[in-house]
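Chemist: Okay, here's the structure, questions in a sec.
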Amino acid sequence: MRAVIAEDSVLLRIGLVKVLETAGFEVVAEVADAEALLAAVAEHRPDIAVVDVRMPPGFTDEGVRAALVIRRQWPGVAVLLLSQYVEERYAADLLSANTDGVGYLLKQRVADVEEFIDALRRVADGGTALDPQVVSQLLVRRHSDPLDRLTRREREVLELMAGGRSNAGIAGQLVVSESAVAKHINSILAKLDLPKADADHRRVLAVLRFLGVA
């Protein structure tokens, strides 16, 4: 796996390089701003770009806007956004564009190297990884809707789905069987009145409904 890192903090950038290389990634470029990020992706076409949300020159949403360009121009490049704080609008913008190979984590998660590497690999493989705090804050702004039909356990399953967990991962987290997880997911899809489609597409639609971006 080949990676590009975009982070203006030199210390964090060095740390990210070491973490990624330890996990077996080849860091083909490390940059400090959005313009250099886009140039690096165009040149190297990495498997994943790890991007700070706020970068020079304005330190507002440069990383998000660059991530959206990457997803549009090079859809095969996965993007993992890192943020100091939960910024739900940016997470919603990224998820609305494309849900394959997308992640949004708080920078504090990098300290848990094993968890961070797991999320990194999941995103690089085309999955999703959303920080639990991001998921929780996105939920705060939801109003009454079909999600209210879900049981507590079904909401737990859906929250883990939103975090990019597989059925096996959900089963391990909740200490239940995979068949029980599958039954919960089928119930969730039915209660959300999602249109008939392939299972993976309906699963993505359920997550987007859960996060309030669809």
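Starting from 1 in every chain, residues are counted up; chains themselves are A, B, ... following the order of the structure tokens, and ligands are numbered from 1 as listed.
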Give me the residues near Met55 of chain A as an MDAnalysis selection string, where near means some atom within 7 Å (using only C-alpha atoms) and where sequence neighbours in that chain fewer than 4 positions away do not count.
Modeler: chainID A and resid 8 33:34 59:60 62:63
Chemist: Could you save the residues just selected, with C-alpha atoms, as a PDB file, in the first residue's frame?
Modeler:
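This went into again-v2.pdb:
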```
ATOM      1  CA  ASP A   8       1.365  20.920   8.521  1.00  0.00           C
ATOM      2  CA  ASP A  33      -0.496  22.106   2.458  1.00  0.00           C
ATOM      3  CA  ALA A  34      -3.435  21.285   0.198  1.00  0.00           C
ATOM      4  CA  PHE A  59      -6.324  26.822   8.386  1.00  0.00           C
ATOM      5  CA  THR A  60     -10.076  26.394   7.754  1.00  0.00           C
ATOM      6  CA  GLU A  62      -8.342  23.315   2.950  1.00  0.00           C
ATOM      7  CA  GLY A  63      -7.866  19.624   3.674  1.00  0.00           C
TER       8      GLY A  63
END
```
Chemist: What separation in Å, quoted to one decimal, exists between atom CA of Arg165 of chain A and atom CA of Leu211 of chain A?
Modeler: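 Computing the Euclidean distance for atom CA of Arg165 of chain A and atom CA of Leu211 of chain A yields 15.1 Å.
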Chemist: At a cut-off of 10 Å, using only C-alpha atoms, what residues contact segment 158-163 of chain A? Leave out same-chain residues fewer than 5 positions from it and give the result as a ChimeraX atom specification.
Modeler: /A:103-104,119,127-132,134-136,139,147,150,152-153,169-171,173-174,184-185,188-189,203-204,206-211
Chemist: Write a file of the selected residues as a tab-separated table (two decimals), in the first residue's frame, keeping N, CA and C atoms.
Modeler:
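Output (result26.tsv):
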```tsv
chain	number	residue	atom	x	y	z
A	103	GLY	N	-12.52	7.91	5.48
A	103	GLY	CA	-12.41	7.87	6.93
A	103	GLY	C	-12.34	9.28	7.50
A	104	TYR	N	-12.80	9.42	8.74
A	104	TYR	CA	-12.74	10.71	9.44
A	104	TYR	C	-12.49	10.40	10.90
A	119	ALA	N	-8.05	1.17	11.32
A	119	ALA	CA	-8.89	2.09	10.56
A	119	ALA	C	-8.24	2.45	9.23
A	127	GLY	N	-13.16	0.52	2.60
A	127	GLY	CA	-14.20	0.62	3.61
A	127	GLY	C	-14.30	2.01	4.20
A	128	THR	N	-14.96	2.12	5.34
A	128	THR	CA	-15.11	3.40	6.01
A	128	THR	C	-14.63	3.28	7.46
A	129	ALA	N	-14.24	4.42	8.01
A	129	ALA	CA	-13.83	4.47	9.41
A	129	ALA	C	-14.21	5.84	9.95
A	130	LEU	N	-15.18	5.87	10.83
A	130	LEU	CA	-15.62	7.13	11.41
A	130	LEU	C	-15.38	7.13	12.91
A	131	ASP	N	-14.82	8.21	13.40
A	131	ASP	CA	-14.55	8.33	14.82
A	131	ASP	C	-15.86	8.27	15.60
A	132	PRO	N	-15.92	7.53	16.70
A	132	PRO	CA	-17.16	7.44	17.49
A	132	PRO	C	-17.70	8.80	17.89
A	134	VAL	N	-17.42	11.55	16.18
A	134	VAL	CA	-18.01	12.14	14.98
A	134	VAL	C	-19.41	11.58	14.77
A	135	VAL	N	-19.52	10.26	14.90
A	135	VAL	CA	-20.83	9.62	14.74
A	135	VAL	C	-21.82	10.17	15.76
A	136	SER	N	-21.39	10.27	17.01
A	136	SER	CA	-22.29	10.75	18.07
A	136	SER	C	-22.75	12.18	17.81
A	139	LEU	N	-25.30	12.49	15.17
A	139	LEU	CA	-26.61	12.03	15.64
A	139	LEU	C	-27.37	13.12	16.39
A	147	LEU	N	-35.53	6.15	11.98
A	147	LEU	CA	-34.55	5.60	12.91
A	147	LEU	C	-35.15	5.35	14.29
A	150	LEU	N	-35.98	1.78	15.41
A	150	LEU	CA	-34.96	0.79	15.75
A	150	LEU	C	-34.89	0.54	17.25
A	152	ARG	N	-32.72	-0.55	20.72
A	152	ARG	CA	-31.42	-0.10	21.22
A	152	ARG	C	-30.29	-0.94	20.60
A	153	ARG	N	-30.49	-2.24	20.54
A	153	ARG	CA	-29.46	-3.12	19.96
A	153	ARG	C	-29.26	-2.83	18.48
A	169	GLY	N	-16.71	-7.96	12.80
A	169	GLY	CA	-16.24	-6.95	13.74
A	169	GLY	C	-17.34	-6.52	14.71
A	170	ILE	N	-18.56	-6.39	14.19
A	170	ILE	CA	-19.70	-6.02	15.04
A	170	ILE	C	-19.98	-7.12	16.05
A	171	ALA	N	-19.94	-8.36	15.56
A	171	ALA	CA	-20.20	-9.50	16.45
A	171	ALA	C	-19.19	-9.53	17.59
A	173	GLN	N	-17.47	-6.98	18.80
A	173	GLN	CA	-17.65	-5.84	19.68
A	173	GLN	C	-18.82	-6.04	20.63
A	174	LEU	N	-19.91	-6.61	20.13
A	174	LEU	CA	-21.12	-6.78	20.93
A	174	LEU	C	-21.20	-8.15	21.62
A	184	HIS	N	-30.06	-8.63	12.80
A	184	HIS	CA	-30.26	-7.22	13.18
A	184	HIS	C	-30.17	-6.31	11.96
A	185	ILE	N	-29.20	-6.58	11.10
A	185	ILE	CA	-29.01	-5.73	9.91
A	185	ILE	C	-30.21	-5.86	8.97
A	188	ILE	N	-32.90	-3.80	10.42
A	188	ILE	CA	-32.61	-2.37	10.25
A	188	ILE	C	-32.99	-1.92	8.84
A	189	LEU	N	-32.56	-2.67	7.84
A	189	LEU	CA	-32.83	-2.31	6.45
A	189	LEU	C	-34.34	-2.26	6.18
A	203	ARG	N	-26.68	-1.32	2.63
A	203	ARG	CA	-25.92	-1.11	3.87
A	203	ARG	C	-25.36	0.32	3.91
A	204	VAL	N	-24.83	0.77	2.78
A	204	VAL	CA	-24.32	2.15	2.69
A	204	VAL	C	-25.44	3.15	2.89
A	206	ALA	N	-28.14	2.75	4.56
A	206	ALA	CA	-28.53	2.75	5.97
A	206	ALA	C	-27.59	3.61	6.80
A	207	VAL	N	-26.30	3.51	6.53
A	207	VAL	CA	-25.33	4.32	7.26
A	207	VAL	C	-25.52	5.80	6.97
A	208	LEU	N	-25.76	6.15	5.71
A	208	LEU	CA	-25.97	7.55	5.35
A	208	LEU	C	-27.23	8.08	6.03
A	209	ARG	N	-28.28	7.27	6.08
A	209	ARG	CA	-29.52	7.69	6.76
A	209	ARG	C	-29.23	7.91	8.25
A	210	PHE	N	-28.45	7.03	8.80
A	210	PHE	CA	-28.09	7.11	10.22
A	210	PHE	C	-27.34	8.42	10.53
A	211	LEU	N	-26.46	8.81	9.62
A	211	LEU	CA	-25.63	9.99	9.83
A	211	LEU	C	-26.30	11.27	9.39
```
Chemist: Leaving out Pro46 of chain A and any residue of its chain fewer than 3 positions from it, which residues lie within 10 Å of it when counting only C-alpha atoms, given as a VMD selection string?
Modeler: chain A and resid 1 to 4 26 to 29 40 to 43 49 74 76 to 78 124
Chemist: Give me a file of those residues, with N, CA, C and O atoms, as a PDB file, in the first residue's frame.
Modeler:
```pdb
ATOM      1  N   MET A   1       0.837  -1.198   0.000  1.00  0.00           N
ATOM      2  CA  MET A   1       0.000   0.000   0.000  1.00  0.00           C
ATOM      3  C   MET A   1       0.880   1.259   0.000  1.00  0.00           C
ATOM      4  O   MET A   1       1.816   1.359   0.795  1.00  0.00           O
ATOM      5  N   ARG A   2       0.543   2.200  -0.866  1.00  0.00           N
ATOM      6  CA  ARG A   2       1.301   3.441  -0.980  1.00  0.00           C
ATOM      7  C   ARG A   2       0.462   4.585  -0.418  1.00  0.00           C
ATOM      8  O   ARG A   2      -0.732   4.667  -0.670  1.00  0.00           O
ATOM      9  N   ALA A   3       1.102   5.484   0.330  1.00  0.00           N
ATOM     10  CA  ALA A   3       0.359   6.543   1.011  1.00  0.00           C
ATOM     11  C   ALA A   3       1.018   7.901   0.828  1.00  0.00           C
ATOM     12  O   ALA A   3       2.237   8.019   0.685  1.00  0.00           O
ATOM     13  N   VAL A   4       0.169   8.933   0.845  1.00  0.00           N
ATOM     14  CA  VAL A   4       0.611  10.332   0.884  1.00  0.00           C
ATOM     15  C   VAL A   4       0.087  10.922   2.184  1.00  0.00           C
ATOM     16  O   VAL A   4      -1.064  10.679   2.562  1.00  0.00           O
ATOM     17  N   GLU A  26       4.017   2.199   2.291  1.00  0.00           N
ATOM     18  CA  GLU A  26       5.115   2.967   1.714  1.00  0.00           C
ATOM     19  C   GLU A  26       4.667   4.417   1.599  1.00  0.00           C
ATOM     20  O   GLU A  26       3.735   4.722   0.845  1.00  0.00           O
ATOM     21  N   VAL A  27       5.281   5.307   2.343  1.00  0.00           N
ATOM     22  CA  VAL A  27       4.933   6.732   2.278  1.00  0.00           C
ATOM     23  C   VAL A  27       5.687   7.345   1.104  1.00  0.00           C
ATOM     24  O   VAL A  27       6.910   7.548   1.170  1.00  0.00           O
ATOM     25  N   VAL A  28       4.962   7.628   0.025  1.00  0.00           N
ATOM     26  CA  VAL A  28       5.606   8.123  -1.200  1.00  0.00           C
ATOM     27  C   VAL A  28       5.757   9.637  -1.204  1.00  0.00           C
ATOM     28  O   VAL A  28       6.516  10.183  -2.007  1.00  0.00           O
ATOM     29  N   ALA A  29       5.020  10.337  -0.321  1.00  0.00           N
ATOM     30  CA  ALA A  29       5.154  11.793  -0.226  1.00  0.00           C
ATOM     31  C   ALA A  29       4.590  12.269   1.096  1.00  0.00           C
ATOM     32  O   ALA A  29       3.620  11.704   1.607  1.00  0.00           O
ATOM     33  N   ALA A  40       0.982  15.903  -5.196  1.00  0.00           N
ATOM     34  CA  ALA A  40       1.553  14.608  -4.828  1.00  0.00           C
ATOM     35  C   ALA A  40       0.643  13.461  -5.262  1.00  0.00           C
ATOM     36  O   ALA A  40       1.117  12.429  -5.750  1.00  0.00           O
ATOM     37  N   VAL A  41      -0.666  13.634  -5.081  1.00  0.00           N
ATOM     38  CA  VAL A  41      -1.609  12.591  -5.492  1.00  0.00           C
ATOM     39  C   VAL A  41      -1.598  12.430  -7.010  1.00  0.00           C
ATOM     40  O   VAL A  41      -1.621  11.311  -7.533  1.00  0.00           O
ATOM     41  N   ALA A  42      -1.548  13.550  -7.727  1.00  0.00           N
ATOM     42  CA  ALA A  42      -1.506  13.495  -9.192  1.00  0.00           C
ATOM     43  C   ALA A  42      -0.252  12.771  -9.673  1.00  0.00           C
ATOM     44  O   ALA A  42      -0.287  12.015 -10.652  1.00  0.00           O
ATOM     45  N   GLU A  43       0.857  12.985  -8.982  1.00  0.00           N
ATOM     46  CA  GLU A  43       2.122  12.375  -9.394  1.00  0.00           C
ATOM     47  C   GLU A  43       2.222  10.908  -9.010  1.00  0.00           C
ATOM     48  O   GLU A  43       2.642  10.068  -9.822  1.00  0.00           O
ATOM     49  N   ALA A  49      -4.638   8.684   0.952  1.00  0.00           N
ATOM     50  CA  ALA A  49      -4.104   9.974   1.383  1.00  0.00           C
ATOM     51  C   ALA A  49      -4.589  10.232   2.800  1.00  0.00           C
ATOM     52  O   ALA A  49      -5.791  10.155   3.072  1.00  0.00           O
ATOM     53  N   TRP A  74      -9.653  11.390  -8.663  1.00  0.00           N
ATOM     54  CA  TRP A  74      -8.969  10.098  -8.537  1.00  0.00           C
ATOM     55  C   TRP A  74      -9.760   9.213  -7.577  1.00  0.00           C
ATOM     56  O   TRP A  74      -9.347   8.971  -6.431  1.00  0.00           O
ATOM     57  N   GLY A  76     -10.105   6.227  -7.128  1.00  0.00           N
ATOM     58  CA  GLY A  76      -9.450   5.036  -6.606  1.00  0.00           C
ATOM     59  C   GLY A  76      -8.555   5.310  -5.414  1.00  0.00           C
ATOM     60  O   GLY A  76      -8.066   4.373  -4.779  1.00  0.00           O
ATOM     61  N   VAL A  77      -8.351   6.597  -5.100  1.00  0.00           N
ATOM     62  CA  VAL A  77      -7.509   6.963  -3.955  1.00  0.00           C
ATOM     63  C   VAL A  77      -8.383   7.138  -2.716  1.00  0.00           C
ATOM     64  O   VAL A  77      -9.272   7.986  -2.688  1.00  0.00           O
ATOM     65  N   ALA A  78      -8.154   6.318  -1.711  1.00  0.00           N
ATOM     66  CA  ALA A  78      -8.903   6.437  -0.459  1.00  0.00           C
ATOM     67  C   ALA A  78      -8.420   7.665   0.310  1.00  0.00           C
ATOM     68  O   ALA A  78      -7.284   8.115   0.122  1.00  0.00           O
ATOM     69  N   ALA A 124      -8.166   2.082   3.345  1.00  0.00           N
ATOM     70  CA  ALA A 124      -7.358   1.800   2.164  1.00  0.00           C
ATOM     71  C   ALA A 124      -7.944   0.651   1.341  1.00  0.00           C
ATOM     72  O   ALA A 124      -7.809   0.620   0.115  1.00  0.00           O
TER      73      ALA A 124
END
```
Chemist: Restricting the calculation to only C-alpha atoms: of A:Ser9, A:Val157, A:Asp47, A:Val102, which residue gets closest to Val175 of chain A?
Modeler: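 Using only C-alpha atoms, Val175 of chain A sits closest to A:Val157.
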Chemist: With only C-alpha atoms as the counted atoms, please give the residues lying no more than 9 Å from Ser83 of chain A, apart from itself and same-chain residues fewer than 2 positions off, as a PyMOL selection string.
Modeler: chain A and resi 51-54+81+85-87+104-108
Chemist: With C-alpha atoms retained, write the just-selected residues as a short mmCIF file (atom, residue, chain, number, x, y, z; two decimals), in the first residue's frame.
Modeler:
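Once written, out.cif looks like this:
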```
data_model
loop_
_atom_site.label_atom_id
_atom_site.label_comp_id
_atom_site.auth_asym_id
_atom_site.auth_seq_id
_atom_site.Cartn_x
_atom_site.Cartn_y
_atom_site.Cartn_z
CA VAL A 51 -5.11 14.46 5.27
CA ASP A 52 -5.33 17.11 7.99
CA VAL A 53 -8.67 18.96 7.84
CA ARG A 54 -7.12 22.40 8.46
CA LEU A 81 -9.21 12.87 7.23
CA TYR A 85 -12.02 18.59 16.86
CA VAL A 86 -15.32 17.12 15.66
CA GLU A 87 -16.44 19.15 12.66
CA TYR A 104 -12.74 10.71 9.44
CA LEU A 105 -10.89 10.40 12.73
CA LEU A 106 -9.88 12.70 15.54
CA LYS A 107 -6.12 13.15 15.84
CA GLN A 108 -6.17 11.71 19.34
#
```
Chemist: Would you compute the distance between atom CA of Ala67 of chain A and atom CA of Ile5 of chain A? Give it in Å to one decimal.
Modeler: 11.9 Å
Chemist: Which of segment 20-212 of chain A end up as alpha helix (DSSP H) when DSSP is run on this backbone - answer as number ranges by chain?
Modeler: A: 20-22, 34-44, 62-73, 88-97, 113-124, 132-140, 152-162, 167-174, 178-191, 199-211
Chemist: Could you please determine the separation between atom CA of Ala36 of chain A and atom CA of Gly15 of chain A in Å, to one decimal place?
Modeler: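 Atom-to-atom, atom CA of Ala36 of chain A to atom CA of Gly15 of chain A, that is 19.3 Å.
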Chemist: Looking at A:Pro146, A:Ala111, A:Leu38, A:Val123, which one is nearest to Leu194 of chain A, with distances taken over only C-alpha atoms?
Modeler: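 For Leu194 of chain A, the nearest of the candidates is A:Pro146.
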